[in-house]
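**Student:** The structure's right below; bear with me while I get my questions together.
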Amino acid sequence: MKKTLLTAVVSAAVVFGYGLQAATAATLDDVKKKGYLQCGVSQGLPGFSSTDDKGNWSGIDVAFCRAVASAIFNDPQKVKFTPLSAKERFTALQSGDIDLLARNTTWTMSRDTQLGLNFSVVNYFDGQGFMVRKDMNISSAKQLSGASVCVNTGTTTELNLADYFRSNNMDYELVAFEKSDEVVKAYDAGRCDVYTTDKSGLYAQRLKMKDPDNNVILPETISQEPLGPVVRQGDDQWLNIVKWTHYAQLEAELYGVNSKNVDKMKSSDNPKIQRILGQEGDFGTDIGLDKDWAYNIIKDVGNYGEVFAENLGPKTELKIDRGQNALWTNGGLQYGMPIR
Amino acid sequence: MALQDVSRNAGPPKVAFFNDPKIRGWAYQIVLLAIVVYIVVVGLENMFANLRAAHIASGFGFLEDTAGFSVSQALIPYTQGDSTYLDVYLVGLLNTLLVSIIGIVCATILGFIVGVCRLSRNFLVRGVASVYVEVFRNIPLLLHIFIWYFGVLRLLPSPRDSVSLGVFGLLNNRGMFVPRPVFGALSWIPILAFVVGIVASMVLLRRAKAHQMRTGERRPIGKWVAALVLGLPIVAFFIAGLPLSFDLPKLGTFRPTGGTTVLPELISLFLALASYTAAFIAEIVRAGILSVSTGQTEAAYSLGLRPRTTLRLVVIPQALRVIIPPLTSQYLNLTKNSSLAVAIAYPDLVSVFAGTALNQTGQAVEILMMTMLTYLAISLITSAGMNWYNAKMSLAER
Ligand SMILES: N[C@@H](CCC(=O)N[C@@H](CS)C(=O)NCC(=O)O)C(=O)O
């Protein structure tokens with residue numbers, strides 16, 4: 001009797017004591033062992049991460065996950081996607097369910113410092129806007145006092161909205177849903193006068209509405225929304241891989257290297273290009289990868305400009321121009337750190 | 001002789017201390033308790049260690065921070081940017097309780113009606129009740145909620161084309177806008193009169209009942225009760241100089257201003273919860289009634305009681321003993337199901353506290369712990385109340 005009790009206590013202690021340890025091991029080793037990258041994305045935001053009718057994922061966040069997979073495995077298909085609501089996303093990353101969160105997530109100080117997470121880079125500079133129905137004849141957000149506003153819970157959107165109305169001494173009714181689809185449906189059903197989120201999101205979600213052309217986006221941008229991929233805090237190697245994946249795509253764009261000419265560029269005499277493509281120096285091994293890491297990214301996924309054009313640019317339904325997301329040399333904010 | 005011997009020696013048999021069943025029982029309990037406490041302590045310690053290791057801030061200090069967001073329905077004063085996360089918790093809790101309580105009341109009434117109808121001798125009544133139960137029981141609740149919500153929204157006009165309900169206010173897809181009573185300084189007078197009226201009627205009713213028990217004769221006191229409960233406060237209201245006015249809703253650019261708003265989210269969540277749970281309650285009621293043997297009904301009929309009186313005085317009181325325990329679990333279900341509110345923007349506890357507040361603060365462990373304990377407390381209190389009622393009903397057993 002005593003013996004069984006003791007074993008029970010000891011085994012309970014063992015299960016409890018060690019079973020709950022969060023996964024703190026090196027993420028890169030975990031990913032390599034699994035053989036794929038587990039990437040958290042949105043539940044369907046055209047241009048960022050959404051599925052077509054065959055279940056294939058696309059969007060710039062999806063492309064980012066694929067770029068990381070290419071850098072590690074030389075295979076952009078070695079990714080599994082976890083669709084997450086705004087509310088679920090940080091818990092999924094903290095608990096180790098996903099290795100990387102690329103879900104149009106705004107970089108804020110509290111998220112960066114209090115959640116045990118680290119933001120890496122900004123893959124899309126955005127700002128919050130408002131959408132109203134055309135027949136309301138509203139031309140400025142300043143006319144919205146008293147309006148009912150549909151938003152997603154668990155977003156920066158909710159807080160910026162509050163700040164904006166408060167600082168302009170306006171009153172509003174908050175109608176907050178957990179899932180974006182419900183937000184859009186409720187706005188479309190007339191529950192709200194206004195739909196607010198990141199401007200890119202407004203363009204994307206407008207495509208899902210009954211009559212997209214009857215909705216206009218007001219000129220005001222009320223916040224900074226630097227959107228970027230997030231990793232767990234305390235794994236510097238993994239953070240480096242994610243950061244440099246983005247910089248490699250920016251540097252490639254800057255020096256004119258793209259998925260079509262990358263093989264030819266391998267023999268370029270420009271030392272900057274040679275360093276990116278692993279012809280000179282051995283930058284990949286220092287971050288736990290091999291020297292072809294950036295070559296693979298560009299070959300499989302493309303440079304930043306290509307990814308943007310394919311998913312958000314004028315040729316897509318979203319028709320978003322580069323604006324702030326142009327390279328710094330073209331007056332934008334996208335600035336790659338030098339690979340050297 | 002031999003018998004006596006046995007009885008004299010029949011004290012507690014002499015056994016070793018550790019073999020005494022009483023002491024053993026205690027010992028087992030203590031060991032079990034120690035294990036439970038140990039596991040909880042180790043679990044908590046481990047959790048906090050892991051939070052620290054993952055650099056996640058923890059603690060309950062955030063409850064005093066101000067919350068920057070607004071909430072569409074607050075039963076206590078709430079101002080965005082002034083109220084704290086603790087206020088958010090209370091607002092959410094009250095909203096959960098509001099929809100649960102009105103849901104429980106209406107589900108019970110509807111469930112009893114449908115349950116009785118399922119046993120009706122009238123084919124049509126029985127058929128309608130059966131269809132109701134099957135339809136509502138077999139569709140997932142979340143779907144009910146969406147159907148009601150988007151159905152209600154589609155049906156209602158935009159604020160500009162609000163339907164006027166006359167003195168009851170306005171109706172549109174932003175909700176029902178009803179006049180808000182504004183109490184004057186002397187309004188305590190009619191309220192006091194109302195309370196006095198109720199107490200006096202209760203005394204009257206009790207005496208009338210005692211009289212009936214004694215003599216079998218019924219006293220016609222209906223008129224008196226009406227006069228006390230309604231007449232007295234009305235007279236007092238006039239004497240106090242009409243100390244009540246109404247803040248009427250007025251059409252504005254967006255939703256109407258003034259008055260009190262009943263959100264479409266509240267209406268549809270309430271309708272979905274009440275109609276869904278009523279289907280289950282109906283089945284419980286039917287089972288309860290069927291559990292009362294037909295002999296009881298026959299005996300009542302042969303005493304000359306009419307069917308309705310038989311149901312009310314003979315069958316239902318006995319059926320209640322079977323009905324109450326499963327009814328309790330339906331009440332608990334309804335309360336827990338109200339957390340589906342998050343799907344349609346009703347600001348319940350899960351939506352505003354375990355949703356918005358959690359995301360703004362990132363204190364997942366603390367907030368989820370508080371939310372879980374709150375639901376546990378609500379459930380335990382509901383069960384305790386129902387158990388008390390059950391015990392009271394069982395006393396009638398003979
Ligand atoms: N950038 C904001 C908002 C992000 C967000 O969740 N936006 C919504 C509305 S555009 C969204 O991504 N919905 C898509 C989905 O949930 O699948 C944040 O990080 O808090």
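FYI, nothing fancy with the structure tokens labels: chains A, B, ... in order, residues from 1 per chain, ligands from 1 as they appear.
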Write out as a list in words which residues come within 10 Å of Pro256 in chain B when counting only C-alpha atoms, dropping same-chain ones fewer than 4 positions away.

**Tutor:** Gly146 and Ala147 of chain A; Pro159, Arg160, Ser162, Leu170, Leu171, Asn172, Arg174, Gly175, Met176, Phe177, Leu248, Pro249, Lys250, Leu251, Gly252, Thr260 and Thr261 of chain B

**Student:** Step by step, measure atom-to-atom distances between ligand 1 and each residue using only C-alpha atoms and all ligand atoms, keep those at most 6 Å, then write them as JSON, numbers by chain.

**Tutor:** {"A": [42, 43, 44, 45, 85, 86, 104, 105, 106, 155, 156, 157, 179, 180, 197, 198, 201]}

**Student:** Among range 137-240 of chain B, which ones does DSSP assign to helix (DSSP H, G or I) (computed from the backbone)? Answer as a ChimeraX atom specification.

**Tutor:** /B:137,141-155,159-161,166-168,185-215,222-239

**Student:** Provide as a count of residues only the residues of chain A at most 6 Å from chain B, counting only C-alpha atoms.

**Tutor:** 14

**Student:** So that I can check the surroundings of range 246-263 of chain A, please list as a list in words every protein, DNA and RNA residue that reaches within 6 Å of it, counting only C-alpha atoms and ignoring chain neighbours fewer than 3 positions away.

**Tutor:** Lys243, Lys266, Ile298, Lys299, Gly302, Asn303, Tyr304, Gly336 and Met337 of chain A

**Student:** From the set B:Tyr276, B:Leu349, B:Val182, B:Asn390, which residue has the shortest atom-to-atom contact distance to Pro326 in chain B, counting only C-alpha atoms?

**Tutor:**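 Looking at the shortest contact to Pro326 in chain B, the residue is B:Asn390.
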
**Student:** Residues near Thr27 in chain A, anyone? I mean within 7 Å using only C-alpha atoms, not counting same-chain ones fewer than 4 positions away, as an mmCIF file with all heavy atoms, in the first residue's frame.

**Tutor:**
```cif
data_model
loop_
_atom_site.group_PDB
_atom_site.id
_atom_site.type_symbol
_atom_site.label_atom_id
_atom_site.label_comp_id
_atom_site.auth_asym_id
_atom_site.auth_seq_id
_atom_site.Cartn_x
_atom_site.Cartn_y
_atom_site.Cartn_z
ATOM 1 N N VAL A 31 12.751 22.329 -35.594
ATOM 2 C CA VAL A 31 12.171 22.392 -36.938
ATOM 3 C C VAL A 31 12.857 21.389 -37.848
ATOM 4 O O VAL A 31 12.205 20.650 -38.589
ATOM 5 C CB VAL A 31 12.287 23.825 -37.493
ATOM 6 C CG1 VAL A 31 11.941 23.862 -38.970
ATOM 7 C CG2 VAL A 31 11.398 24.770 -36.710
ATOM 8 N N ASP A 99 6.093 27.672 -34.696
ATOM 9 C CA ASP A 99 7.494 28.094 -34.593
ATOM 10 C C ASP A 99 7.646 29.564 -34.930
ATOM 11 O O ASP A 99 8.598 30.222 -34.527
ATOM 12 C CB ASP A 99 8.353 27.281 -35.566
ATOM 13 C CG ASP A 99 8.180 25.791 -35.350
ATOM 14 O OD1 ASP A 99 8.319 25.354 -34.203
ATOM 15 O OD2 ASP A 99 7.877 25.084 -36.334
ATOM 16 N N TRP A 238 17.260 31.651 -33.838
ATOM 17 C CA TRP A 238 16.020 31.606 -34.603
ATOM 18 C C TRP A 238 15.593 33.016 -35.024
ATOM 19 O O TRP A 238 15.172 33.250 -36.149
ATOM 20 C CB TRP A 238 14.941 30.914 -33.769
ATOM 21 C CG TRP A 238 13.664 30.662 -34.498
ATOM 22 C CD1 TRP A 238 12.452 31.194 -34.213
ATOM 23 C CD2 TRP A 238 13.469 29.822 -35.631
ATOM 24 N NE1 TRP A 238 11.514 30.741 -35.097
ATOM 25 C CE2 TRP A 238 12.119 29.895 -35.985
ATOM 26 C CE3 TRP A 238 14.325 29.008 -36.405
ATOM 27 C CZ2 TRP A 238 11.579 29.206 -37.059
ATOM 28 C CZ3 TRP A 238 13.785 28.319 -37.470
ATOM 29 C CH2 TRP A 238 12.428 28.419 -37.791
#
```

**Student:** Within 10 Å of Val230 in chain A, counting only C-alpha atoms, which residues qualify if same-chain residues fewer than 4 places away don't, as a PyMOL selection string?

**Tutor:** chain A and resi 40+90+93+99-107+111-112+117-122+239+242-243

**Student:** Would you pick out the contacts of range 304-314 of chain B at 12 Å or less, using only C-alpha atoms, so that residues sharing its chain but fewer than 3 positions from it are not included, and give the list as a PyMOL selection string?

**Tutor:** chain B and resi 112+116+119-121+289-290+292-301+317-320+396

**Student:** Got a sec to tell me which of range 54-246 of chain A DSSP assigns to strand (DSSP E or B), as number ranges by chain?

**Tutor:** A: 57-58, 79-83, 100-101, 106, 115, 117-119, 124-126, 128-133, 147-152, 172-177, 194-198, 215-217, 225-227, 230-232

**Student:** Can you pull out the residues contacting Ser267 in chain A? Cut-off 12 Å, using only C-alpha atoms, and skip same-chain residues under 4 positions away; I want them as a PyMOL selection string.

**Tutor:** chain A and resi 257+261-263+271-280

**Student:** Create the file for the chosen residues now, containing N, CA, C and O atoms and written as a PDB file, in the first residue's frame.

**Tutor:**
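For reference, result-v2.pdb as written:
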```
ATOM      1  N   VAL A 257      18.392  41.217 -57.959  1.00  0.00           N
ATOM      2  CA  VAL A 257      18.396  39.754 -58.043  1.00  0.00           C
ATOM      3  C   VAL A 257      16.974  39.261 -57.834  1.00  0.00           C
ATOM      4  O   VAL A 257      16.347  39.599 -56.835  1.00  0.00           O
ATOM      5  N   ASN A 261      16.443  35.562 -62.515  1.00  0.00           N
ATOM      6  CA  ASN A 261      17.843  35.737 -62.918  1.00  0.00           C
ATOM      7  C   ASN A 261      18.848  35.264 -61.873  1.00  0.00           C
ATOM      8  O   ASN A 261      20.041  35.516 -62.008  1.00  0.00           O
ATOM      9  N   VAL A 262      18.355  34.612 -60.814  1.00  0.00           N
ATOM     10  CA  VAL A 262      19.253  34.323 -59.698  1.00  0.00           C
ATOM     11  C   VAL A 262      20.412  33.406 -60.097  1.00  0.00           C
ATOM     12  O   VAL A 262      21.540  33.567 -59.622  1.00  0.00           O
ATOM     13  N   ASP A 263      20.150  32.451 -61.023  1.00  0.00           N
ATOM     14  CA  ASP A 263      21.246  31.556 -61.414  1.00  0.00           C
ATOM     15  C   ASP A 263      22.319  32.313 -62.177  1.00  0.00           C
ATOM     16  O   ASP A 263      23.508  32.124 -61.954  1.00  0.00           O
ATOM     17  N   PRO A 271      30.492  42.197 -55.631  1.00  0.00           N
ATOM     18  CA  PRO A 271      30.742  41.448 -54.392  1.00  0.00           C
ATOM     19  C   PRO A 271      29.521  41.407 -53.471  1.00  0.00           C
ATOM     20  O   PRO A 271      29.339  40.459 -52.709  1.00  0.00           O
ATOM     21  N   LYS A 272      28.684  42.439 -53.562  1.00  0.00           N
ATOM     22  CA  LYS A 272      27.500  42.440 -52.700  1.00  0.00           C
ATOM     23  C   LYS A 272      26.587  41.285 -53.087  1.00  0.00           C
ATOM     24  O   LYS A 272      26.057  40.575 -52.228  1.00  0.00           O
ATOM     25  N   ILE A 273      26.396  41.124 -54.406  1.00  0.00           N
ATOM     26  CA  ILE A 273      25.554  40.030 -54.873  1.00  0.00           C
ATOM     27  C   ILE A 273      26.203  38.687 -54.563  1.00  0.00           C
ATOM     28  O   ILE A 273      25.552  37.742 -54.143  1.00  0.00           O
ATOM     29  N   GLN A 274      27.518  38.637 -54.711  1.00  0.00           N
ATOM     30  CA  GLN A 274      28.220  37.377 -54.425  1.00  0.00           C
ATOM     31  C   GLN A 274      28.048  36.966 -52.967  1.00  0.00           C
ATOM     32  O   GLN A 274      27.906  35.791 -52.657  1.00  0.00           O
ATOM     33  N   ARG A 275      28.059  37.976 -52.077  1.00  0.00           N
ATOM     34  CA  ARG A 275      27.876  37.644 -50.658  1.00  0.00           C
ATOM     35  C   ARG A 275      26.451  37.150 -50.399  1.00  0.00           C
ATOM     36  O   ARG A 275      26.239  36.208 -49.650  1.00  0.00           O
ATOM     37  N   ILE A 276      25.453  37.816 -51.027  1.00  0.00           N
ATOM     38  CA  ILE A 276      24.064  37.379 -50.820  1.00  0.00           C
ATOM     39  C   ILE A 276      23.904  35.937 -51.281  1.00  0.00           C
ATOM     40  O   ILE A 276      23.319  35.109 -50.583  1.00  0.00           O
ATOM     41  N   LEU A 277      24.462  35.641 -52.433  1.00  0.00           N
ATOM     42  CA  LEU A 277      24.203  34.330 -53.024  1.00  0.00           C
ATOM     43  C   LEU A 277      25.194  33.261 -52.569  1.00  0.00           C
ATOM     44  O   LEU A 277      25.238  32.171 -53.135  1.00  0.00           O
ATOM     45  N   GLY A 278      26.011  33.596 -51.582  1.00  0.00           N
ATOM     46  CA  GLY A 278      26.876  32.572 -50.998  1.00  0.00           C
ATOM     47  C   GLY A 278      28.099  32.247 -51.832  1.00  0.00           C
ATOM     48  O   GLY A 278      28.741  31.228 -51.620  1.00  0.00           O
ATOM     49  N   GLN A 279      28.435  33.115 -52.805  1.00  0.00           N
ATOM     50  CA  GLN A 279      29.620  32.875 -53.618  1.00  0.00           C
ATOM     51  C   GLN A 279      30.866  33.379 -52.911  1.00  0.00           C
ATOM     52  O   GLN A 279      31.969  32.944 -53.208  1.00  0.00           O
ATOM     53  N   GLU A 280      30.655  34.349 -52.020  1.00  0.00           N
ATOM     54  CA  GLU A 280      31.802  34.882 -51.285  1.00  0.00           C
ATOM     55  C   GLU A 280      31.441  34.891 -49.805  1.00  0.00           C
ATOM     56  O   GLU A 280      30.323  35.284 -49.442  1.00  0.00           O
TER      57      GLU A 280
END
```

**Student:** Given only C-alpha atoms as the basis, pick out the residue of B:Ile267, B:Val88, B:Ala279, B:Leu376 nearest to Gly111 in chain B.

**Tutor:** B:Ala279

**Student:** Find the distance between CA of Asp171 in chain A and CA of Thr84 in chain B and write it in Å to one decimal.

**Tutor:**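 Between CA of Asp171 in chain A and CA of Thr84 in chain B the gap works out to 18.9 Å.
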
**Student:** Between CA of Pro181 in chain B and CA of Pro233 in chain B, what is the spacing in Å?

**Tutor:**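 Computed distance, CA of Pro233 in chain B to CA of Pro181 in chain B, equals 16.4 Å.
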